[in-house]
Amino acid sequence: MANQSPRVRFAPSPTGFLHVGGARTALFNWLYARRYGGVFILRIEDTDNDRSSSDMVKGILEGLQWLGLDWDEGPNVDGPHGPYFQSQRLTKYRLAIEKLVSTGLAYYCYCLPDELKRKREAAQAAGGSWRYDRTCLALTPEAIAAHETKKTPRVVRFKVPRGRTSFKDVVRGTIDIDNQTLEDFVLTRSDGSPTYHLSVVVDDIDMAITDVVRGDDHTSNTPKQVLLYKALDADLPRFAHVPLIFGSDKKRLSKRHGATSVSDYQFRGYLPDAMVNFLSLLGWSSGDDQEVFTRDALVQAFSLEGINSGKAIFDHDKLAWLNGQHIRLMSAEAIINHIESFLRKAGVWHDSYATAGNKRAWLGCVVDLLKARVRYLEDFVEYGQPFFVNTVTYDPEAVTKRLLVPGLREYVVALKNAYTQLDQFDSDSLERTLRAVAEAQNIKAGILMHATRIAVSGRMVGPGLFEMIELIGRERTCERLDELRKFLAD
RNA sequence: GGCCCCGUCGUCCAGCGGUUAGGACACAGCCCUUUCAAGGCUGAGACCGGAGUUCGAUUCUCCGCGGGGCUACCA
């Protein structure tokens with residue numbers, strides 16, 4: 001399909017964090033570049049200089065890094081088309097403007113903002129719409145000279161030609177509009193800084209971008225940019241506008257919907273691969289019914305043609321499910337690397353876990369045992385309590401529901417004695433022994449299992465009882481059985 | 001208001017003139033089972049409405065309705 005190696009870009013404004021919508025746009029660009037052996041460029045659009053500190057950029061970079069979306073050119077990665085901050089590319093915009101003004105494709109406008117606002121509001125009050133009336137296009141050379149000597153603030157406006165403008169969009173098809181619906185938009189502000197339309201087009205041309213993949217909120221503005229490409233005598237890139245992401249109330253995703261920054265998901269215990277998988281499914285499909293994708297599978301399956309045109313709603317349930325799927329796909333070793341920070345925070349990390357050896361292997365076994373019932377990384381902390389803490393506390397509900405059995409104390413003592421003498425402390429032996437004890441005591445095995453579960457974990461639910469006991473070990477298990485014995489004595 | 005885009009189960013997607021409208025999440029039931037999960041099976045659940053075009057429309061066209069975007073010296 002692509003007859004040249006694609007060059008795509010993600011061009012966020014530095015807002016301090018990476019929004020999930022932006023993350024998905026970045027992901028689509030990244031996938032496309034990786035799929036076709038292209039180049040993924042990160043460009044920071046910080047022309048709105050008011051607040052564009054390096055701190056603001058940091059959040060974006062960290063978000064992309066966490067997701068594993070590495071860029072080939074951009075901040076911290078030199079390339080042939082730098083710099084990659086728009087605030088450092090001002091000369092390029094000025095050159096473009098000079099060209100446009102000198103060829104008559106753009107012109108200076110000395111109208112004051114207040115004046116424009118008044119006209120606009122007046123027109124709207126009268127029930128109509130208003131477009132810039134080209135007052136300054138009609139200025140005489142003398143009037144212009146007068147403004148210049150007075151140093152009237154001036155902006156540069158693009159002179160929108162008559163006619164129609166159309167472009168092909170990979171996801172929307174051909175879009176065609178009448179230029180009369182456009183006004184002579186501003187290219188350069190009165191302080192000399194470029195507006196979005198100018199900087200984005202100049203940069204995309206300069207960086208030889210072949211495919212512009214961005215949010216649907218830019219579709220309506222694309223005709224203006226198409227006009228600029230033509231005015232600058234450049235070939236059009238291919239456009240692909242991806243549908244926006246909405247919250248569960250069908251409103252555009254915002255802070256009100258809870259976590260909207262990818263870092264929120266990082267701290268909540270989501271896996272980057274699960275997030276990437278989930279985001280990829282929002283507005284894109286491989287064409288078949290596959291839902292769970294590894295990163296590599298995604299790269300292989302991705303195409304811009306697979307992007308669909310309807311809106312997408314962010315479904316936390318499905319994300320959580322996918323997270324569980326990806327956790328189950330991972331090796332215990334890989335999971336340990338991801339949960340270390342959570343275990344540390346909970347105070348249950350042990351230095352011996354850090355290096356290869358018995359303890360780390362043991363932790364791996366715990367992880368494998370818990371894996372199937374986990375949705376979030378931090379669940380390992382919660383579900384792993386019985387393995388990590390020294391003393392267990394009994395869930396009150398478990399006590400009333402499972403421990404009010406006459407004679408239970410005797411059974412527990414019998415089990416503890418049997419376990420103390422066991423040759424092999426493995427799950428099979430443990431189960432056989434427990435069942436034998438139950439039979440000898442003439443009770444159902446379930447009664448003793450429930451009690452034992454509470455003794456070792458404090459809870460009614462959890463992993464397979466005997467696998468759990470095996471990992472907790474004879475010493476701690478017998479201690480806990482003894483604790484239960486004392487508890488039952490009261 | 002004007003311009004543009006979108007409209008299949010509650011949600012995410014498949015469908016690209018003829019299908020019992022398919023899959024996934026969530027939901028319900030069953031199986032498995034010491035519990036909870038995981039896993040398996042089953043069930044319920046959708047083509048926004050109206051005109052056309054056609055032998056035949058979820059699919060193509062138009063109108064309406066609904067939703068969204070843009071309409072700034074924000075991006």
# chains A, B, ... in the order shown; residues from 1 in each chain; ligands from 1

$ residues_around --residues "stretch 36-50 of chain B" --least-positions-apart "6" --cutoff "7 Å" --atoms "only C-alpha atoms (C1' of nucleotides)" --output "short mmCIF file (atom, residue, chain, number, x, y, z; two decimals) with all heavy atoms, in the first residue's frame"
data_model
loop_
_atom_site.label_atom_id
_atom_site.label_comp_id
_atom_site.auth_asym_id
_atom_site.auth_seq_id
_atom_site.Cartn_x
_atom_site.Cartn_y
_atom_site.Cartn_z
N ALA A 372 -4.39 -16.18 38.45
CA ALA A 372 -5.69 -16.41 37.82
C ALA A 372 -6.82 -15.59 38.42
O ALA A 372 -7.85 -15.40 37.79
CB ALA A 372 -6.05 -17.88 37.88
N ARG A 373 -6.64 -15.13 39.65
CA ARG A 373 -7.77 -14.38 40.24
C ARG A 373 -7.51 -12.90 40.38
O ARG A 373 -8.23 -12.21 41.08
CB ARG A 373 -8.19 -15.03 41.57
CG ARG A 373 -7.12 -15.10 42.61
CD ARG A 373 -7.36 -16.27 43.53
NE ARG A 373 -6.92 -17.51 42.94
CZ ARG A 373 -7.65 -18.65 42.95
NH1 ARG A 373 -8.81 -18.69 43.51
NH2 ARG A 373 -7.16 -19.74 42.37
N VAL A 461 -12.21 -16.83 51.34
CA VAL A 461 -11.90 -17.06 49.93
C VAL A 461 -10.42 -16.92 49.66
O VAL A 461 -9.70 -16.25 50.40
CB VAL A 461 -12.66 -16.06 49.02
CG1 VAL A 461 -14.16 -16.20 49.25
CG2 VAL A 461 -12.20 -14.65 49.27
N GLY A 462 -9.98 -17.54 48.60
CA GLY A 462 -8.58 -17.44 48.25
C GLY A 462 -8.19 -18.54 47.29
O GLY A 462 -9.04 -19.25 46.77
P U B 8 -24.38 2.80 16.02
OP1 U B 8 -25.07 3.60 17.05
OP2 U B 8 -22.94 2.63 16.07
"O5'" U B 8 -25.08 1.36 16.00
"C5'" U B 8 -26.35 1.23 15.40
"C4'" U B 8 -26.70 -0.23 15.35
"O4'" U B 8 -25.94 -0.87 14.30
"C3'" U B 8 -26.33 -1.00 16.60
"O3'" U B 8 -27.31 -0.87 17.59
"C2'" U B 8 -26.24 -2.42 16.06
"O2'" U B 8 -27.52 -2.96 15.87
"C1'" U B 8 -25.60 -2.17 14.70
N1 U B 8 -24.12 -2.24 14.75
C2 U B 8 -23.54 -3.49 14.64
O2 U B 8 -24.20 -4.50 14.54
N3 U B 8 -22.18 -3.49 14.67
C4 U B 8 -21.34 -2.41 14.79
O4 U B 8 -20.13 -2.57 14.78
C5 U B 8 -22.01 -1.15 14.90
C6 U B 8 -23.34 -1.11 14.88
P C B 9 -26.87 -0.46 19.04
OP1 C B 9 -28.03 0.16 19.72
OP2 C B 9 -25.59 0.26 18.94
"O5'" C B 9 -26.57 -1.87 19.68
"C5'" C B 9 -26.48 -2.02 21.10
"C4'" C B 9 -27.36 -3.16 21.51
"O4'" C B 9 -26.93 -4.31 20.74
"C3'" C B 9 -27.21 -3.53 22.99
"O3'" C B 9 -28.48 -3.49 23.64
"C2'" C B 9 -26.66 -4.96 22.97
"O2'" C B 9 -27.36 -5.79 23.87
"C1'" C B 9 -27.00 -5.44 21.57
N1 C B 9 -26.11 -6.47 21.01
C2 C B 9 -26.71 -7.66 20.59
O2 C B 9 -27.93 -7.77 20.73
N3 C B 9 -25.95 -8.63 20.08
C4 C B 9 -24.64 -8.46 19.94
N4 C B 9 -23.93 -9.44 19.41
C5 C B 9 -24.01 -7.24 20.35
C6 C B 9 -24.77 -6.27 20.88
P U B 58 -33.28 -3.78 6.42
OP1 U B 58 -32.98 -5.02 5.68
OP2 U B 58 -34.27 -3.80 7.51
"O5'" U B 58 -31.91 -3.20 7.02
"C5'" U B 58 -31.90 -2.23 8.02
"C4'" U B 58 -30.48 -1.87 8.38
"O4'" U B 58 -29.83 -3.03 8.95
"C3'" U B 58 -29.62 -1.49 7.17
"O3'" U B 58 -29.73 -0.12 6.88
"C2'" U B 58 -28.22 -1.85 7.64
"O2'" U B 58 -27.66 -0.83 8.42
"C1'" U B 58 -28.48 -3.07 8.55
N1 U B 58 -28.23 -4.35 7.88
C2 U B 58 -26.91 -4.71 7.66
O2 U B 58 -25.98 -3.99 7.98
N3 U B 58 -26.72 -5.90 7.04
C4 U B 58 -27.70 -6.78 6.63
O4 U B 58 -27.36 -7.82 6.08
C5 U B 58 -29.03 -6.34 6.89
C6 U B 58 -29.25 -5.17 7.49
#

$ interface_residues --of "chain B" --to "chain A" --cutoff "8 Å" --atoms "only C-alpha atoms (C1' of nucleotides)" --output "ChimeraX atom specification"
/B:1-7,11-14,23-26,34-38,69-70,73-75

$ atom_distance --atom1 "atom CA of A:Arg409" --atom2 "atom CA of A:Arg485"
5.6 Å

$ select_by_dssp --residues "stretch 372-483 of chain A" --states "alpha helix (DSSP H)" --output "PyMOL selection string"
chain A and resi 379-388+396-402+408-421+427-441+445-457+465-472+474-483

$ atom_distance --atom1 "atom CA of A:Thr391" --atom2 "atom CA of A:Leu363"
18.3 Å

$ atom_distance --atom1 "atom CA of A:Lys486" --atom2 "atom CA of A:Val412"
10.3 Å

$ residues_around --residues "stretch 478-482 of chain A" --least-positions-apart "5" --cutoff "6 Å" --atoms "only C-alpha atoms (C1' of nucleotides)" --output "number ranges by chain"
A: 416, 455-456

$ select_by_dssp --residues "stretch 218-256 of chain A" --states "strand (DSSP E or B)" --output "ChimeraX atom specification"
/A:238-242,245-246,252

$ closest_residue --among "B:C60, B:C55, B:U71, B:C65" --to "B:G18" --atoms "only C-alpha atoms (C1' of nucleotides)"
B:C55

$ residues_around --residues "A:Leu279" --least-positions-apart "4" --cutoff "10 Å" --atoms "only C-alpha atoms (C1' of nucleotides)" --output "JSON, numbers by chain"
{"A": [20, 21, 23, 24, 25, 27, 28, 245, 273, 274, 275, 283, 284, 314, 319]}

$ closest_residue --among "A:Pro80, A:Tyr270, A:Leu137, A:Ser261" --to "A:Phe17" --atoms "only C-alpha atoms"
A:Ser261

$ closest_atom_pairs --of "stretch 85-157 of chain A" --to "stretch 54-76 of chain A" --cutoff "12 Å" --atoms "only C-alpha atoms" --output "Markdown table"
| residue | atom | partner | partner_atom | distance |
| --- | --- | --- | --- | --- |
| A:Phe85 | CA | A:Pro75 | CA | 7.6 |
| A:Gln86 | CA | A:Gly74 | CA | 11.1 |
| A:Ser87 | CA | A:Ser54 | CA | 11.7 |
| A:Gln88 | CA | A:Pro75 | CA | 11.8 |

$ write_last_selection --atoms "N, CA, C and O atoms" --output "compact mmCIF listing (two decimals), in the first residue's frame"
# COMPACT_ATOMS: atom_id res chain seq x y z
N PHE A 85 10.66 21.10 19.30
CA PHE A 85 9.77 21.95 20.08
C PHE A 85 9.40 23.13 19.19
O PHE A 85 10.30 23.80 18.67
N GLN A 86 8.14 23.38 19.04
CA GLN A 86 7.75 24.46 18.14
C GLN A 86 8.27 25.82 18.60
O GLN A 86 8.55 26.69 17.79
N SER A 87 8.41 25.96 19.90
CA SER A 87 8.91 27.25 20.41
C SER A 87 10.34 27.51 19.93
O SER A 87 10.81 28.64 20.00
N GLN A 88 11.01 26.46 19.44
CA GLN A 88 12.38 26.64 18.94
C GLN A 88 12.44 26.66 17.42
O GLN A 88 13.50 26.58 16.83

$ decode --residues "stretch 445-466 of chain A" --atoms "N, CA, C and O atoms" --output "CSV table (one decimal), in the first residue's frame"
chain,number,residue,atom,x,y,z
A,445,ALA,N,-15.0,-33.3,55.1
A,445,ALA,CA,-13.7,-32.6,54.8
A,445,ALA,C,-13.8,-31.1,54.7
A,445,ALA,O,-13.0,-30.3,55.1
A,446,GLY,N,-14.9,-30.7,54.1
A,446,GLY,CA,-15.2,-29.3,53.8
A,446,GLY,C,-15.1,-28.5,55.1
A,446,GLY,O,-14.6,-27.4,55.1
A,447,ILE,N,-15.7,-29.0,56.2
A,447,ILE,CA,-15.7,-28.3,57.4
A,447,ILE,C,-14.3,-28.0,57.9
A,447,ILE,O,-13.9,-26.8,58.3
A,448,LEU,N,-13.4,-29.0,57.8
A,448,LEU,CA,-12.0,-28.8,58.2
A,448,LEU,C,-11.3,-27.9,57.2
A,448,LEU,O,-10.4,-27.1,57.6
A,449,MET,N,-11.6,-28.0,56.0
A,449,MET,CA,-10.9,-27.1,55.0
A,449,MET,C,-11.3,-25.7,55.2
A,449,MET,O,-10.4,-24.8,55.2
A,450,HIS,N,-12.5,-25.4,55.5
A,450,HIS,CA,-12.9,-24.0,55.7
A,450,HIS,C,-12.2,-23.4,56.9
A,450,HIS,O,-11.7,-22.3,56.9
A,451,ALA,N,-12.2,-24.2,58.0
A,451,ALA,CA,-11.5,-23.8,59.2
A,451,ALA,C,-10.0,-23.6,58.9
A,451,ALA,O,-9.5,-22.6,59.4
A,452,THR,N,-9.4,-24.5,58.2
A,452,THR,CA,-8.0,-24.4,58.0
A,452,THR,C,-7.7,-23.1,57.1
A,452,THR,O,-6.7,-22.4,57.3
A,453,ARG,N,-8.6,-22.9,56.1
A,453,ARG,CA,-8.4,-21.7,55.3
A,453,ARG,C,-8.4,-20.5,56.1
A,453,ARG,O,-7.6,-19.6,55.9
A,454,ILE,N,-9.3,-20.4,57.1
A,454,ILE,CA,-9.4,-19.2,57.9
A,454,ILE,C,-8.2,-19.2,58.8
A,454,ILE,O,-7.6,-18.1,59.0
A,455,ALA,N,-7.7,-20.3,59.3
A,455,ALA,CA,-6.5,-20.3,60.1
A,455,ALA,C,-5.3,-19.8,59.4
A,455,ALA,O,-4.6,-18.9,60.0
A,456,VAL,N,-5.1,-20.2,58.2
A,456,VAL,CA,-3.9,-19.7,57.5
A,456,VAL,C,-4.0,-18.4,56.8
A,456,VAL,O,-3.0,-17.7,56.6
A,457,SER,N,-5.3,-18.0,56.4
A,457,SER,CA,-5.4,-16.8,55.7
A,457,SER,C,-6.3,-15.8,56.3
A,457,SER,O,-6.3,-14.6,55.9
A,458,GLY,N,-7.1,-16.2,57.3
A,458,GLY,CA,-8.1,-15.3,57.9
A,458,GLY,C,-9.3,-15.1,57.1
A,458,GLY,O,-10.2,-14.4,57.5
A,459,ARG,N,-9.4,-15.7,55.9
A,459,ARG,CA,-10.5,-15.4,55.0
A,459,ARG,C,-11.2,-16.6,54.6
A,459,ARG,O,-10.7,-17.7,54.7
A,460,MET,N,-12.4,-16.4,54.0
A,460,MET,CA,-13.2,-17.5,53.5
A,460,MET,C,-12.8,-17.8,52.0
A,460,MET,O,-13.1,-18.9,51.5
A,461,VAL,N,-12.2,-16.8,51.3
A,461,VAL,CA,-11.9,-17.1,49.9
A,461,VAL,C,-10.4,-16.9,49.7
A,461,VAL,O,-9.7,-16.3,50.4
A,462,GLY,N,-10.0,-17.5,48.6
A,462,GLY,CA,-8.6,-17.4,48.3
A,462,GLY,C,-8.2,-18.5,47.3
A,462,GLY,O,-9.0,-19.2,46.8
A,463,PRO,N,-6.9,-18.7,47.1
A,463,PRO,CA,-6.4,-19.7,46.2
A,463,PRO,C,-6.7,-21.1,46.7
A,463,PRO,O,-7.1,-21.3,47.8
A,464,GLY,N,-6.3,-22.1,45.9
A,464,GLY,CA,-6.4,-23.5,46.4
A,464,GLY,C,-5.8,-23.7,47.7
A,464,GLY,O,-4.6,-23.3,47.9
A,465,LEU,N,-6.5,-24.2,48.6
A,465,LEU,CA,-6.1,-24.3,50.0
A,465,LEU,C,-4.7,-25.0,50.2
A,465,LEU,O,-3.8,-24.5,50.9
A,466,PHE,N,-4.5,-26.1,49.5
A,466,PHE,CA,-3.3,-26.9,49.8
A,466,PHE,C,-2.1,-26.3,49.1
A,466,PHE,O,-1.0,-26.4,49.7
